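Pasting model-v6.cif here (mmCIF, C-alpha atoms and all ligand atoms):
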data_start
#
loop_
_atom_site.group_PDB
_atom_site.id
_atom_site.type_symbol
_atom_site.label_atom_id
_atom_site.label_comp_id
_atom_site.auth_asym_id
_atom_site.auth_seq_id
_atom_site.Cartn_x
_atom_site.Cartn_y
_atom_site.Cartn_z
ATOM 1 C CA MET A 1038 122.788 98.906 126.675
ATOM 2 C CA GLY A 1039 121.848 98.944 123.000
ATOM 3 C CA PHE A 1040 118.521 100.261 121.795
ATOM 4 C CA GLY A 1041 116.575 100.135 118.535
ATOM 5 C CA ARG A 1042 113.309 102.033 118.223
ATOM 6 C CA GLY A 1043 110.099 100.909 116.688
ATOM 7 C CA LYS A 1044 108.713 103.165 114.007
ATOM 8 C CA VAL A 1045 105.533 104.205 112.306
ATOM 9 C CA ILE A 1046 105.529 105.236 108.683
ATOM 10 C CA LEU A 1047 103.491 108.424 108.426
ATOM 11 C CA LEU A 1048 103.440 108.417 104.624
ATOM 12 C CA GLY A 1049 105.030 106.500 101.779
ATOM 13 C CA GLU A 1050 105.342 102.833 102.758
ATOM 14 C CA HIS A 1051 105.653 100.463 99.808
ATOM 15 C CA SER A 1052 106.287 103.221 97.244
ATOM 16 C CA VAL A 1053 109.547 103.806 99.191
ATOM 17 C CA VAL A 1054 110.643 100.280 98.202
ATOM 18 C CA HIS A 1055 110.434 101.408 94.556
ATOM 19 C CA GLY A 1056 112.420 104.617 94.999
ATOM 20 C CA SER A 1057 109.813 107.162 96.152
ATOM 21 C CA PRO A 1058 110.280 109.207 99.342
ATOM 22 C CA ALA A 1059 108.578 108.428 102.644
ATOM 23 C CA ILE A 1060 108.291 109.936 106.119
ATOM 24 C CA ALA A 1061 108.800 107.804 109.238
ATOM 25 C CA MET A 1062 108.635 108.579 112.942
ATOM 26 C CA GLY A 1063 110.703 106.696 115.511
ATOM 27 C CA ILE A 1064 108.560 105.736 118.520
ATOM 28 C CA SER A 1065 109.556 105.397 122.162
ATOM 29 C CA ARG A 1066 108.879 101.673 122.334
ATOM 30 C CA GLY A 1067 111.541 99.388 120.948
ATOM 31 C CA ILE A 1068 114.071 96.704 121.703
ATOM 32 C CA SER A 1069 116.947 96.785 124.194
ATOM 33 C CA ALA A 1070 119.972 94.519 124.147
ATOM 34 C CA VAL A 1071 123.000 93.909 126.346
ATOM 35 C CA ALA A 1072 126.157 92.224 125.050
ATOM 36 C CA ARG A 1073 129.055 90.791 127.028
ATOM 37 C CA ALA A 1074 132.041 88.515 126.520
ATOM 38 C CA ALA A 1075 131.040 84.884 127.092
ATOM 39 C CA GLU A 1076 132.133 81.316 126.396
ATOM 40 C CA GLU A 1077 130.262 81.046 123.115
ATOM 41 C CA ASP A 1078 128.333 83.278 120.710
ATOM 42 C CA LEU A 1079 124.705 83.268 121.804
ATOM 43 C CA LEU A 1080 121.657 85.458 121.265
ATOM 44 C CA THR A 1081 118.823 85.119 123.772
ATOM 45 C CA LEU A 1082 115.384 86.550 123.176
ATOM 46 C CA SER A 1083 113.771 85.625 126.471
ATOM 47 C CA PRO A 1084 110.340 87.195 125.780
ATOM 48 C CA TRP A 1085 110.022 84.811 122.816
ATOM 49 C CA GLY A 1086 111.764 81.916 124.613
ATOM 50 C CA LEU A 1087 114.491 81.749 121.945
ATOM 51 C CA GLN A 1088 118.196 80.988 122.102
ATOM 52 C CA VAL A 1089 119.991 81.508 118.804
ATOM 53 C CA ARG A 1090 123.479 80.455 117.721
ATOM 54 C CA PRO A 1091 124.976 82.074 114.628
ATOM 55 C CA ARG A 1092 124.907 79.954 111.432
ATOM 56 C CA SER A 1093 125.470 81.539 108.068
ATOM 57 C CA ASP A 1094 123.952 78.416 106.431
ATOM 58 C CA GLY A 1095 121.225 78.195 109.084
ATOM 59 C CA SER A 1096 117.621 77.468 108.207
ATOM 60 C CA GLU A 1097 116.361 80.139 110.623
ATOM 61 C CA PRO A 1098 116.622 83.793 109.569
ATOM 62 C CA LEU A 1099 117.701 84.755 113.108
ATOM 63 C CA GLU A 1100 120.653 82.332 112.908
ATOM 64 C CA GLN A 1101 121.762 83.812 109.585
ATOM 65 C CA ALA A 1102 121.214 87.408 110.647
ATOM 66 C CA PHE A 1103 123.144 86.898 113.913
ATOM 67 C CA ALA A 1104 126.010 85.381 111.895
ATOM 68 C CA ILE A 1105 126.019 88.469 109.654
ATOM 69 C CA VAL A 1106 126.215 90.805 112.637
ATOM 70 C CA LEU A 1107 129.065 88.893 114.274
ATOM 71 C CA GLY A 1108 130.901 88.639 110.955
ATOM 72 C CA THR A 1109 131.216 92.433 110.777
ATOM 73 C CA TYR A 1110 133.431 92.517 113.904
ATOM 74 C CA SER A 1111 136.995 91.238 113.723
ATOM 75 C CA ASN A 1112 139.213 90.240 116.685
ATOM 76 C CA ARG A 1113 136.360 89.933 119.109
ATOM 77 C CA PRO A 1114 135.732 87.559 121.994
ATOM 78 C CA PRO A 1115 132.730 85.196 121.876
ATOM 79 C CA LEU A 1116 129.676 87.302 122.720
ATOM 80 C CA ARG A 1117 126.390 86.680 124.444
ATOM 81 C CA VAL A 1118 123.621 89.157 123.574
ATOM 82 C CA ASP A 1119 120.462 89.285 125.709
ATOM 83 C CA VAL A 1120 117.464 91.027 124.231
ATOM 84 C CA GLN A 1121 114.363 92.581 125.805
ATOM 85 C CA VAL A 1122 111.417 93.287 123.549
ATOM 86 C CA ASP A 1123 108.851 96.037 124.022
ATOM 87 C CA LEU A 1124 107.360 95.911 120.546
ATOM 88 C CA PRO A 1125 104.875 93.544 118.921
ATOM 89 C CA SER A 1126 106.294 91.626 115.961
ATOM 90 C CA GLY A 1127 104.382 91.373 112.686
ATOM 91 C CA ALA A 1128 102.635 94.631 113.494
ATOM 92 C CA GLY A 1129 104.182 96.989 110.954
ATOM 93 C CA LEU A 1130 106.191 98.717 113.692
ATOM 94 C CA GLY A 1131 109.653 97.735 112.476
ATOM 95 C CA CYS A 1132 110.355 95.026 115.051
ATOM 96 C CA SER A 1133 113.043 93.229 113.021
ATOM 97 C CA ALA A 1134 114.882 96.479 112.234
ATOM 98 C CA ALA A 1135 114.741 97.556 115.886
ATOM 99 C CA LEU A 1136 116.168 94.174 116.865
ATOM 100 C CA GLY A 1137 119.051 94.469 114.400
ATOM 101 C CA VAL A 1138 119.897 98.000 115.521
ATOM 102 C CA ALA A 1139 119.708 97.045 119.224
ATOM 103 C CA ILE A 1140 122.076 94.094 118.718
ATOM 104 C CA PHE A 1141 124.656 96.101 116.726
ATOM 105 C CA ASP A 1142 124.409 98.910 119.282
ATOM 106 C CA ALA A 1143 124.898 96.514 122.211
ATOM 107 C CA ILE A 1144 127.934 94.854 120.608
ATOM 108 C CA ASP A 1145 129.433 98.264 119.775
ATOM 109 C CA GLY A 1146 128.999 99.150 123.456
ATOM 110 C CA ALA A 1147 130.630 95.922 124.665
ATOM 111 C CA LEU A 1148 133.591 96.378 122.292
ATOM 112 C CA ARG A 1149 133.818 100.139 122.997
ATOM 113 C CA ILE A 1150 133.257 101.068 119.385
ATOM 114 C CA SER A 1151 131.631 104.432 118.835
ATOM 115 C CA ARG A 1152 129.771 105.331 115.658
ATOM 116 C CA SER A 1153 126.936 107.644 114.662
ATOM 117 C CA ARG A 1154 123.320 106.486 114.866
ATOM 118 C CA GLU A 1155 123.073 106.921 111.107
ATOM 119 C CA GLU A 1156 125.998 104.570 110.554
ATOM 120 C CA LEU A 1157 124.365 102.098 112.943
ATOM 121 C CA GLY A 1158 121.182 102.265 110.871
ATOM 122 C CA ARG A 1159 123.130 101.557 107.675
ATOM 123 C CA MET A 1160 124.826 98.557 109.320
ATOM 124 C CA ALA A 1161 121.451 97.036 110.205
ATOM 125 C CA HIS A 1162 120.399 97.046 106.532
ATOM 126 C CA GLU A 1163 122.012 93.678 105.838
ATOM 127 C CA TRP A 1164 120.261 92.243 108.890
ATOM 128 C CA GLU A 1165 116.925 93.476 107.472
ATOM 129 C CA GLU A 1166 117.674 91.861 104.112
ATOM 130 C CA VAL A 1167 117.674 88.444 105.782
ATOM 131 C CA PHE A 1168 114.089 88.978 106.943
ATOM 132 C CA HIS A 1169 112.551 91.021 104.145
ATOM 133 C CA GLY A 1170 114.506 90.330 100.975
ATOM 134 C CA SER A 1171 114.904 93.841 99.588
ATOM 135 C CA PRO A 1172 113.916 96.333 102.269
ATOM 136 C CA SER A 1173 113.949 100.016 101.363
ATOM 137 C CA GLY A 1174 116.085 100.800 104.429
ATOM 138 C CA ILE A 1175 113.579 103.145 106.056
ATOM 139 C CA ASP A 1176 112.900 100.857 109.028
ATOM 140 C CA ASN A 1177 116.529 100.409 110.026
ATOM 141 C CA MET A 1178 117.244 104.149 109.682
ATOM 142 C CA ALA A 1179 114.196 105.097 111.794
ATOM 143 C CA ALA A 1180 115.117 102.405 114.344
ATOM 144 C CA ALA A 1181 118.592 103.876 114.746
ATOM 145 C CA VAL A 1182 118.072 107.626 114.350
ATOM 146 C CA GLY A 1183 114.510 108.244 115.645
ATOM 147 C CA GLY A 1184 112.710 111.570 115.375
ATOM 148 C CA VAL A 1185 110.803 112.294 112.174
ATOM 149 C CA LEU A 1186 112.727 111.474 109.007
ATOM 150 C CA ARG A 1187 112.296 111.881 105.304
ATOM 151 C CA TYR A 1188 113.875 108.880 103.615
ATOM 152 C CA ARG A 1189 114.498 108.016 100.010
ATOM 153 C CA LYS A 1190 116.686 105.138 98.842
ATOM 154 C CA GLY A 1191 120.087 106.423 97.803
ATOM 155 C CA ALA A 1192 119.454 110.000 99.041
ATOM 156 C CA PRO A 1193 120.855 111.543 102.223
ATOM 157 C CA LEU A 1194 118.641 110.982 105.239
ATOM 158 C CA LYS A 1195 116.709 114.148 106.128
ATOM 159 C CA PRO A 1196 115.664 114.688 109.759
ATOM 160 C CA LEU A 1197 112.577 116.955 109.678
ATOM 161 C CA SER A 1198 112.025 119.769 112.107
ATOM 162 C CA LEU A 1199 108.546 120.143 113.522
ATOM 163 C CA ALA A 1200 106.768 123.414 114.249
ATOM 164 C CA ARG A 1201 104.498 121.572 116.699
ATOM 165 C CA PRO A 1202 104.821 118.303 118.608
ATOM 166 C CA LEU A 1203 103.454 115.346 116.708
ATOM 167 C CA ARG A 1204 101.022 113.217 118.726
ATOM 168 C CA VAL A 1205 99.876 109.924 117.344
ATOM 169 C CA VAL A 1206 97.907 106.911 118.464
ATOM 170 C CA VAL A 1207 99.065 103.522 117.248
ATOM 171 C CA ALA A 1208 96.458 100.742 117.317
ATOM 172 C CA HIS A 1209 96.936 97.076 116.487
ATOM 173 C CA SER A 1210 94.281 95.297 114.422
ATOM 174 C CA GLY A 1211 95.258 92.006 116.056
ATOM 175 C CA GLU A 1212 96.126 90.597 112.610
ATOM 176 C CA ARG A 1213 99.736 89.720 111.832
ATOM 177 C CA SER A 1214 101.258 91.687 109.007
ATOM 178 C CA LYS A 1215 103.879 89.965 106.847
ATOM 179 C CA THR A 1216 106.214 92.487 105.243
ATOM 180 C CA LYS A 1217 107.737 90.127 102.675
ATOM 181 C CA GLU A 1218 104.311 88.968 101.459
ATOM 182 C CA MET A 1219 102.881 92.468 101.283
ATOM 183 C CA VAL A 1220 105.931 93.778 99.403
ATOM 184 C CA SER A 1221 105.499 90.910 96.898
ATOM 185 C CA LEU A 1222 101.788 91.675 96.565
ATOM 186 C CA VAL A 1223 102.632 95.232 95.500
ATOM 187 C CA ALA A 1224 105.444 94.019 93.217
ATOM 188 C CA ARG A 1225 102.965 91.710 91.443
ATOM 189 C CA GLN A 1226 100.525 94.586 90.883
ATOM 190 C CA LEU A 1227 103.386 96.716 89.607
ATOM 191 C CA ALA A 1228 104.439 93.999 87.154
ATOM 192 C CA SER A 1229 100.913 93.436 85.848
ATOM 193 C CA ASN A 1230 99.968 97.107 85.519
ATOM 194 C CA PRO A 1231 103.031 99.365 85.780
ATOM 195 C CA ALA A 1232 101.338 102.570 84.625
ATOM 196 C CA ARG A 1233 98.507 102.307 87.154
ATOM 197 C CA VAL A 1234 100.813 101.542 90.081
ATOM 198 C CA HIS A 1235 103.438 104.149 89.111
ATOM 199 C CA ASP A 1236 100.652 106.771 89.033
ATOM 200 C CA LYS A 1237 99.776 105.829 92.584
ATOM 201 C CA PHE A 1238 103.430 106.017 93.663
ATOM 202 C CA ASP A 1239 103.685 109.487 92.071
ATOM 203 C CA ASP A 1240 100.599 110.597 94.001
ATOM 204 C CA VAL A 1241 102.154 109.346 97.232
ATOM 205 C CA SER A 1242 105.384 111.266 96.463
ATOM 206 C CA ASP A 1243 103.309 114.442 96.166
ATOM 207 C CA LEU A 1244 101.621 113.690 99.492
ATOM 208 C CA VAL A 1245 105.043 113.208 101.117
ATOM 209 C CA ASP A 1246 106.254 116.590 99.784
ATOM 210 C CA GLU A 1247 103.122 118.298 101.074
ATOM 211 C CA ALA A 1248 103.418 116.542 104.436
ATOM 212 C CA GLU A 1249 106.958 117.829 104.847
ATOM 213 C CA VAL A 1250 105.663 121.396 104.423
ATOM 214 C CA ALA A 1251 102.723 120.765 106.768
ATOM 215 C CA LEU A 1252 105.088 119.463 109.473
ATOM 216 C CA SER A 1253 107.409 122.432 109.068
ATOM 217 C CA ILE A 1254 104.572 124.934 109.665
ATOM 218 C CA GLY A 1255 102.643 122.846 112.203
ATOM 219 C CA ASP A 1256 99.583 122.461 109.969
ATOM 220 C CA MET A 1257 98.299 119.277 111.562
ATOM 221 C CA ARG A 1258 94.884 119.424 109.854
ATOM 222 C CA THR A 1259 96.506 119.263 106.431
ATOM 223 C CA LEU A 1260 98.851 116.535 107.615
ATOM 224 C CA GLY A 1261 95.843 114.514 108.778
ATOM 225 C CA ARG A 1262 94.155 114.855 105.391
ATOM 226 C CA LEU A 1263 97.355 113.701 103.695
ATOM 227 C CA LEU A 1264 97.413 110.608 105.929
ATOM 228 C CA ASN A 1265 93.809 109.814 104.919
ATOM 229 C CA TRP A 1266 94.631 110.136 101.223
ATOM 230 C CA ASN A 1267 97.690 107.945 101.603
ATOM 231 C CA HIS A 1268 95.480 105.373 103.327
ATOM 232 C CA GLY A 1269 93.100 105.423 100.358
ATOM 233 C CA ILE A 1270 95.965 104.708 97.972
ATOM 234 C CA LEU A 1271 97.281 101.883 100.168
ATOM 235 C CA SER A 1272 93.761 100.387 100.349
ATOM 236 C CA SER A 1273 93.526 100.520 96.564
ATOM 237 C CA LEU A 1274 96.716 98.421 96.514
ATOM 238 C CA LEU A 1275 94.927 95.795 98.654
ATOM 239 C CA LEU A 1276 96.979 96.599 101.750
ATOM 240 C CA SER A 1277 94.078 97.217 104.115
ATOM 241 C CA THR A 1278 91.730 94.777 105.845
ATOM 242 C CA PRO A 1279 88.224 95.162 107.288
ATOM 243 C CA LYS A 1280 89.697 95.372 110.813
ATOM 244 C CA VAL A 1281 92.155 98.069 109.744
ATOM 245 C CA GLU A 1282 89.301 99.987 108.063
ATOM 246 C CA ASP A 1283 87.219 99.753 111.264
ATOM 247 C CA LEU A 1284 90.078 101.147 113.353
ATOM 248 C CA CYS A 1285 90.671 104.046 110.931
ATOM 249 C CA ARG A 1286 86.944 104.865 110.840
ATOM 250 C CA LEU A 1287 86.683 104.729 114.629
ATOM 251 C CA ALA A 1288 89.709 106.988 115.085
ATOM 252 C CA ARG A 1289 88.350 109.532 112.582
ATOM 253 C CA ALA A 1290 84.878 109.380 114.173
ATOM 254 C CA HIS A 1291 86.530 110.417 117.443
ATOM 255 C CA GLY A 1292 88.204 113.409 115.919
ATOM 256 C CA ALA A 1293 91.507 111.998 114.648
ATOM 257 C CA LEU A 1294 92.845 114.480 112.086
ATOM 258 C CA GLY A 1295 93.795 111.520 109.901
ATOM 259 C CA ALA A 1296 94.277 107.769 110.182
ATOM 260 C CA LYS A 1297 95.953 105.183 108.026
ATOM 261 C CA VAL A 1298 97.431 101.732 107.935
ATOM 262 C CA THR A 1299 101.145 101.940 108.745
ATOM 263 C CA GLY A 1300 104.048 99.749 107.641
ATOM 264 C CA ALA A 1301 103.508 96.682 105.507
ATOM 265 C CA GLY A 1302 99.708 96.527 105.895
ATOM 266 C CA GLY A 1303 97.517 93.483 105.357
ATOM 267 C CA GLY A 1304 96.791 93.792 109.088
ATOM 268 C CA GLY A 1305 99.218 95.138 111.654
ATOM 269 C CA CYS A 1306 98.752 98.652 112.989
ATOM 270 C CA ILE A 1307 97.120 101.911 112.098
ATOM 271 C CA VAL A 1308 98.466 105.335 113.014
ATOM 272 C CA ALA A 1309 96.032 108.125 113.878
ATOM 273 C CA LEU A 1310 96.976 111.781 114.213
ATOM 274 C CA ALA A 1311 95.657 113.625 117.282
ATOM 275 C CA GLU A 1312 95.306 117.358 117.910
ATOM 276 C CA ASP A 1313 97.186 117.275 121.213
ATOM 277 C CA GLY A 1314 98.220 114.947 124.032
ATOM 278 C CA GLU A 1315 94.843 114.898 125.755
ATOM 279 C CA HIS A 1316 93.050 114.181 122.487
ATOM 280 C CA ALA A 1317 95.523 111.372 121.753
ATOM 281 C CA HIS A 1318 94.695 109.692 125.071
ATOM 282 C CA ARG A 1319 90.947 109.990 124.378
ATOM 283 C CA ILE A 1320 91.387 108.319 120.983
ATOM 284 C CA ARG A 1321 93.547 105.600 122.540
ATOM 285 C CA ASP A 1322 90.818 104.853 125.104
ATOM 286 C CA VAL A 1323 88.330 104.371 122.262
ATOM 287 C CA LEU A 1324 90.650 102.208 120.161
ATOM 288 C CA GLY A 1325 91.208 99.796 123.021
ATOM 289 C CA SER A 1326 93.859 97.951 124.931
ATOM 290 C CA ARG A 1327 96.022 97.166 121.884
ATOM 291 C CA SER A 1328 96.684 100.855 121.284
ATOM 292 C CA PHE A 1329 99.155 103.378 122.666
ATOM 293 C CA VAL A 1330 100.100 107.044 122.386
ATOM 294 C CA ASP A 1331 103.441 108.329 121.172
ATOM 295 C CA GLU A 1332 104.856 111.743 120.412
ATOM 296 C CA VAL A 1333 107.830 113.521 118.907
ATOM 297 C CA ARG A 1334 108.852 117.095 119.742
ATOM 298 C CA GLN A 1335 111.680 118.304 117.603
HETATM 299 C C1 LIG B 1401 107.729 98.313 106.137
HETATM 300 O O1 LIG B 1401 107.807 98.904 107.408
HETATM 301 C C2 LIG B 1401 107.768 99.357 105.088
HETATM 302 C C3 LIG B 1401 107.712 98.848 103.658
HETATM 303 O O2 LIG B 1401 107.708 100.008 102.825
HETATM 304 C C4 LIG B 1401 108.876 97.953 103.337
HETATM 305 C C5 LIG B 1401 110.200 98.698 103.228
HETATM 306 O O3 LIG B 1401 110.201 99.928 103.114
HETATM 307 O O4 LIG B 1401 111.225 98.012 103.235
HETATM 308 C C6 LIG B 1401 106.434 98.069 103.378
#

Could you show the structure in this file as C-alpha cells?
Ligand code: MEV
Amino acid sequence: MGFGRGKVILLGEHSVVHGSPAIAMGISRGISAVARAAEEDLLTLSPWGLQVRPRSDGSEPLEQAFAIVLGTYSNRPPLRVDVQVDLPSGAGLGCSAALGVAIFDAIDGALRISRSREELGRMAHEWEEVFHGSPSGIDNMAAAVGGVLRYRKGAPLKPLSLARPLRVVVAHSGERSKTKEMVSLVARQLASNPARVHDKFDDVSDLVDEAEVALSIGDMRTLGRLLNWNHGILSSLLLSTPKVEDLCRLARAHGALGAKVTGAGGGGCIVALAEDGEHAHRIRDVLGSRSFVDEVRQ
C-alpha cells in the first residue's frame, strides 16, 4: 500500500515559491494507493469516479502526470493503480502532491523497489509540475516525509524536533482554492512592485526563523503569534477571503493561540494552533463539520 500525506503549511507559503524558507506539517489524512500487474496501464480514482490512462500528450493533467510516473520505471509490466482519497482537493492541503507520492509509493511496492521517503518526495516533484507549473516542492516533500519540516528550495530538507506536541485544527472555508491562480496572483504583485513584495517575503523569512526556535523550546504562544502575523502578510497579498477571515477570527475568539490561511489561499483551509488536545477538540466543535484536529509529536 502506498501513502501520501496531506499537509498544512504553518508558515511561509507563497514566499517559499520565490526562494524563502517555510515550515510545513504532514497531517494524518492523505491518499492511499495500491498497484498491481494488470492487462493495461490504468489509474482509478473511485471516490472521484475517474479512470485515467497515461497519455504524455493528453489534454488532462492526470493523464500526463500518470504518463510521467510510469515513464520513470523501466522493464515493468502494465500496472493498474487504485487510489483511495481521504483529503479534500482544492483545499490547500496538498491533495495533488499526496496523490503523486501515493502512486509512486504504491508502484515502488508492487515492483519491490525500496527508496527513502525523501527520495520519493523528490520523485513526485515532476508530477506536481503538471498541476501547478512551478511548485516550490514543499508539498511533495511534506506528503512523503511527514512530521514538521523546514523547507527551502535547493537547501537540504530539515526535519524539526518539537519540545511539545503540536496540536492544530484545520477548517475548510468551503471555497475552492486554486494553487496555480494564487501563485500567479502573487507573481503579478511581485512583478508590479518588487520592493514591496520582497519586503513582505523577508518578513515571512524572519517569522519562519523565529517559529523554528519557538517549536524547539515548546513556546506555543509565540508560535501562535507568528502564525497570526504570517496571516496578516498573506491577507495583504490578497490571499484571504471573508470566509477565511471569519474562520480565523472565530478560532482566535475561542482561544486559538494563532490562526491563518494555509496553502495557496483564496479560500481553502485555515490552520489554528491549540494549547492541547482537549482545546483543539473544543475549537473544532466551534469551527464546524468541515474541520478536524491533527497533531504531531516528534
Ligand atoms: C501550496 O501548498 C503552497 C504554495 O506555496 C505553492 C508552492 O509552494 O508550490 C502556495

(request) Kindly work out which residues sit at most 8 Å from ligand LIG 1401 (chain B), using only C-alpha atoms and all ligand atoms, and give the list as an MDAnalysis selection string. (result) chainID A and resid 1044:1046 1049:1054 1129:1131 1169 1171:1176 1216:1217 1219:1220 1299:1302

Could you write out that same residue set with C-alpha atoms as a PDB file, keeping the file's coordinate frame?
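Ended up saving to out.pdb:
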ATOM      1  CA  LYS A1044     108.713 103.165 114.007  1.00  0.00           C
ATOM      2  CA  VAL A1045     105.533 104.205 112.306  1.00  0.00           C
ATOM      3  CA  ILE A1046     105.529 105.236 108.683  1.00  0.00           C
ATOM      4  CA  GLY A1049     105.030 106.500 101.779  1.00  0.00           C
ATOM      5  CA  GLU A1050     105.342 102.833 102.758  1.00  0.00           C
ATOM      6  CA  HIS A1051     105.653 100.463  99.808  1.00  0.00           C
ATOM      7  CA  SER A1052     106.287 103.221  97.244  1.00  0.00           C
ATOM      8  CA  VAL A1053     109.547 103.806  99.191  1.00  0.00           C
ATOM      9  CA  VAL A1054     110.643 100.280  98.202  1.00  0.00           C
ATOM     10  CA  GLY A1129     104.182  96.989 110.954  1.00  0.00           C
ATOM     11  CA  LEU A1130     106.191  98.717 113.692  1.00  0.00           C
ATOM     12  CA  GLY A1131     109.653  97.735 112.476  1.00  0.00           C
ATOM     13  CA  HIS A1169     112.551  91.021 104.145  1.00  0.00           C
ATOM     14  CA  SER A1171     114.904  93.841  99.588  1.00  0.00           C
ATOM     15  CA  PRO A1172     113.916  96.333 102.269  1.00  0.00           C
ATOM     16  CA  SER A1173     113.949 100.016 101.363  1.00  0.00           C
ATOM     17  CA  GLY A1174     116.085 100.800 104.429  1.00  0.00           C
ATOM     18  CA  ILE A1175     113.579 103.145 106.056  1.00  0.00           C
ATOM     19  CA  ASP A1176     112.900 100.857 109.028  1.00  0.00           C
ATOM     20  CA  THR A1216     106.214  92.487 105.243  1.00  0.00           C
ATOM     21  CA  LYS A1217     107.737  90.127 102.675  1.00  0.00           C
ATOM     22  CA  MET A1219     102.881  92.468 101.283  1.00  0.00           C
ATOM     23  CA  VAL A1220     105.931  93.778  99.403  1.00  0.00           C
ATOM     24  CA  THR A1299     101.145 101.940 108.745  1.00  0.00           C
ATOM     25  CA  GLY A1300     104.048  99.749 107.641  1.00  0.00           C
ATOM     26  CA  ALA A1301     103.508  96.682 105.507  1.00  0.00           C
ATOM     27  CA  GLY A1302      99.708  96.527 105.895  1.00  0.00           C
TER      28      GLY A1302
END

(request) Please evaluate the PyMOL selection byres (((chain A and resi 1183) around 8) and not hetatm) against the structure above and give the resulting residues as a VMD selection string. (result) chain A and resid 1042 1044 1062 to 1064 1178 to 1182 1184 to 1186

Selection above as a file: C-alpha atoms, as a short mmCIF file (atom, residue, chain, number, x, y, z; two decimals), in the coordinates of the input:
data_model
loop_
_atom_site.label_atom_id
_atom_site.label_comp_id
_atom_site.auth_asym_id
_atom_site.auth_seq_id
_atom_site.Cartn_x
_atom_site.Cartn_y
_atom_site.Cartn_z
CA ARG A 1042 113.31 102.03 118.22
CA LYS A 1044 108.71 103.16 114.01
CA MET A 1062 108.64 108.58 112.94
CA GLY A 1063 110.70 106.70 115.51
CA ILE A 1064 108.56 105.74 118.52
CA MET A 1178 117.24 104.15 109.68
CA ALA A 1179 114.20 105.10 111.79
CA ALA A 1180 115.12 102.40 114.34
CA ALA A 1181 118.59 103.88 114.75
CA VAL A 1182 118.07 107.63 114.35
CA GLY A 1184 112.71 111.57 115.38
CA VAL A 1185 110.80 112.29 112.17
CA LEU A 1186 112.73 111.47 109.01
#

(message) Quick check, in Å to one decimal: how far apart do CA of Ser1069 in chain A and CA of Ser1151 in chain A lie?
(response)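 Interatomic distance, CA of Ser1069 in chain A to CA of Ser1151 in chain A: 17.4 Å.
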
With all atoms of range 1122-1135 of chain A from the file as input, state the centre and edge lengths in Å to one decimal of the axis-aligned box that has 6 Å extra on each side, as lines of an AutoDock Vina configuration file.
center_x = 108.8
center_y = 95.0
center_z = 117.5
size_x = 24.2
size_y = 19.3
size_z = 25.1

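Checking A:Ala1143, A:Val1120, A:Leu1194, A:Ile1320 one by one against Ala1074 in chain A, counting only C-alpha atoms, you find the shortest gap at A:Ala1143.
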
(message) What does the structure give for the distance between CA of Asp1313 in chain A and CA of Leu1294 in chain A, in Å to one decimal?
(response) 10.5 Å

(message) When you count all atoms listed in the file, which of these residues is closest to Ser1242 in chain A: A:Gln1121, A:Ser1096, A:Ser1083, A:Ser1057?
(response) A:Ser1057

(message) For a quick check of understanding, using all atoms listed in the file, which of A:Asp1236, A:Asp1246, A:Asp1322, A:Glu1212 has the smallest distance to Ser1277 in chain A?
(response) A:Glu1212

(message) Between CA of Asp1145 in chain A and CA of Ala1072 in chain A, what is the distance in Å, rounded to a tenth?
(response)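 Going from CA of Asp1145 in chain A over to CA of Ala1072 in chain A, I get 8.7 Å.
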
(request) Taking the file above as input, evaluate the PyMOL selection byres (((chain A and resi 1165) around 8) and not hetatm) and report the hits as a list of chain:residue names. (result)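 Going through the file, the PyMOL selection byres (((chain A and resi 1165) around 8) and not hetatm) ends up selecting A:Ser1133, A:Ala1134, A:Gly1137, A:Ala1161, A:His1162, A:Glu1163, A:Trp1164, A:Glu1166, A:Val1167, A:Phe1168, A:His1169, A:Gly1170, A:Pro1172, A:Gly1174, A:Asn1177.
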
Take range 1054-1061 of chain A, bring it up to N, CA, C and O atoms, and give me the output as a compact mmCIF listing (two decimals), in the frame of the given file.
# COMPACT_ATOMS: atom_id res chain seq x y z
N VAL A 1054 109.87 101.44 98.67
CA VAL A 1054 110.64 100.28 98.20
C VAL A 1054 111.04 100.47 96.74
O VAL A 1054 112.06 99.98 96.28
N HIS A 1055 110.22 101.24 96.00
CA HIS A 1055 110.43 101.41 94.56
C HIS A 1055 111.04 102.78 94.24
O HIS A 1055 110.93 103.26 93.12
N GLY A 1056 111.63 103.42 95.26
CA GLY A 1056 112.42 104.62 95.00
C GLY A 1056 111.74 105.93 95.32
O GLY A 1056 112.33 106.99 95.13
N SER A 1057 110.48 105.91 95.78
CA SER A 1057 109.81 107.16 96.15
C SER A 1057 110.19 107.55 97.59
O SER A 1057 110.65 106.70 98.35
N PRO A 1058 109.95 108.81 97.96
CA PRO A 1058 110.28 109.21 99.34
C PRO A 1058 109.19 108.78 100.32
O PRO A 1058 108.06 108.50 99.92
N ALA A 1059 109.55 108.76 101.59
CA ALA A 1059 108.58 108.43 102.64
C ALA A 1059 108.97 109.18 103.91
O ALA A 1059 110.11 109.66 104.03
N ILE A 1060 108.01 109.29 104.82
CA ILE A 1060 108.29 109.94 106.12
C ILE A 1060 107.98 108.94 107.24
O ILE A 1060 106.88 108.38 107.29
N ALA A 1061 108.98 108.73 108.11
CA ALA A 1061 108.80 107.80 109.24
C ALA A 1061 109.04 108.54 110.55
O ALA A 1061 109.75 109.55 110.59
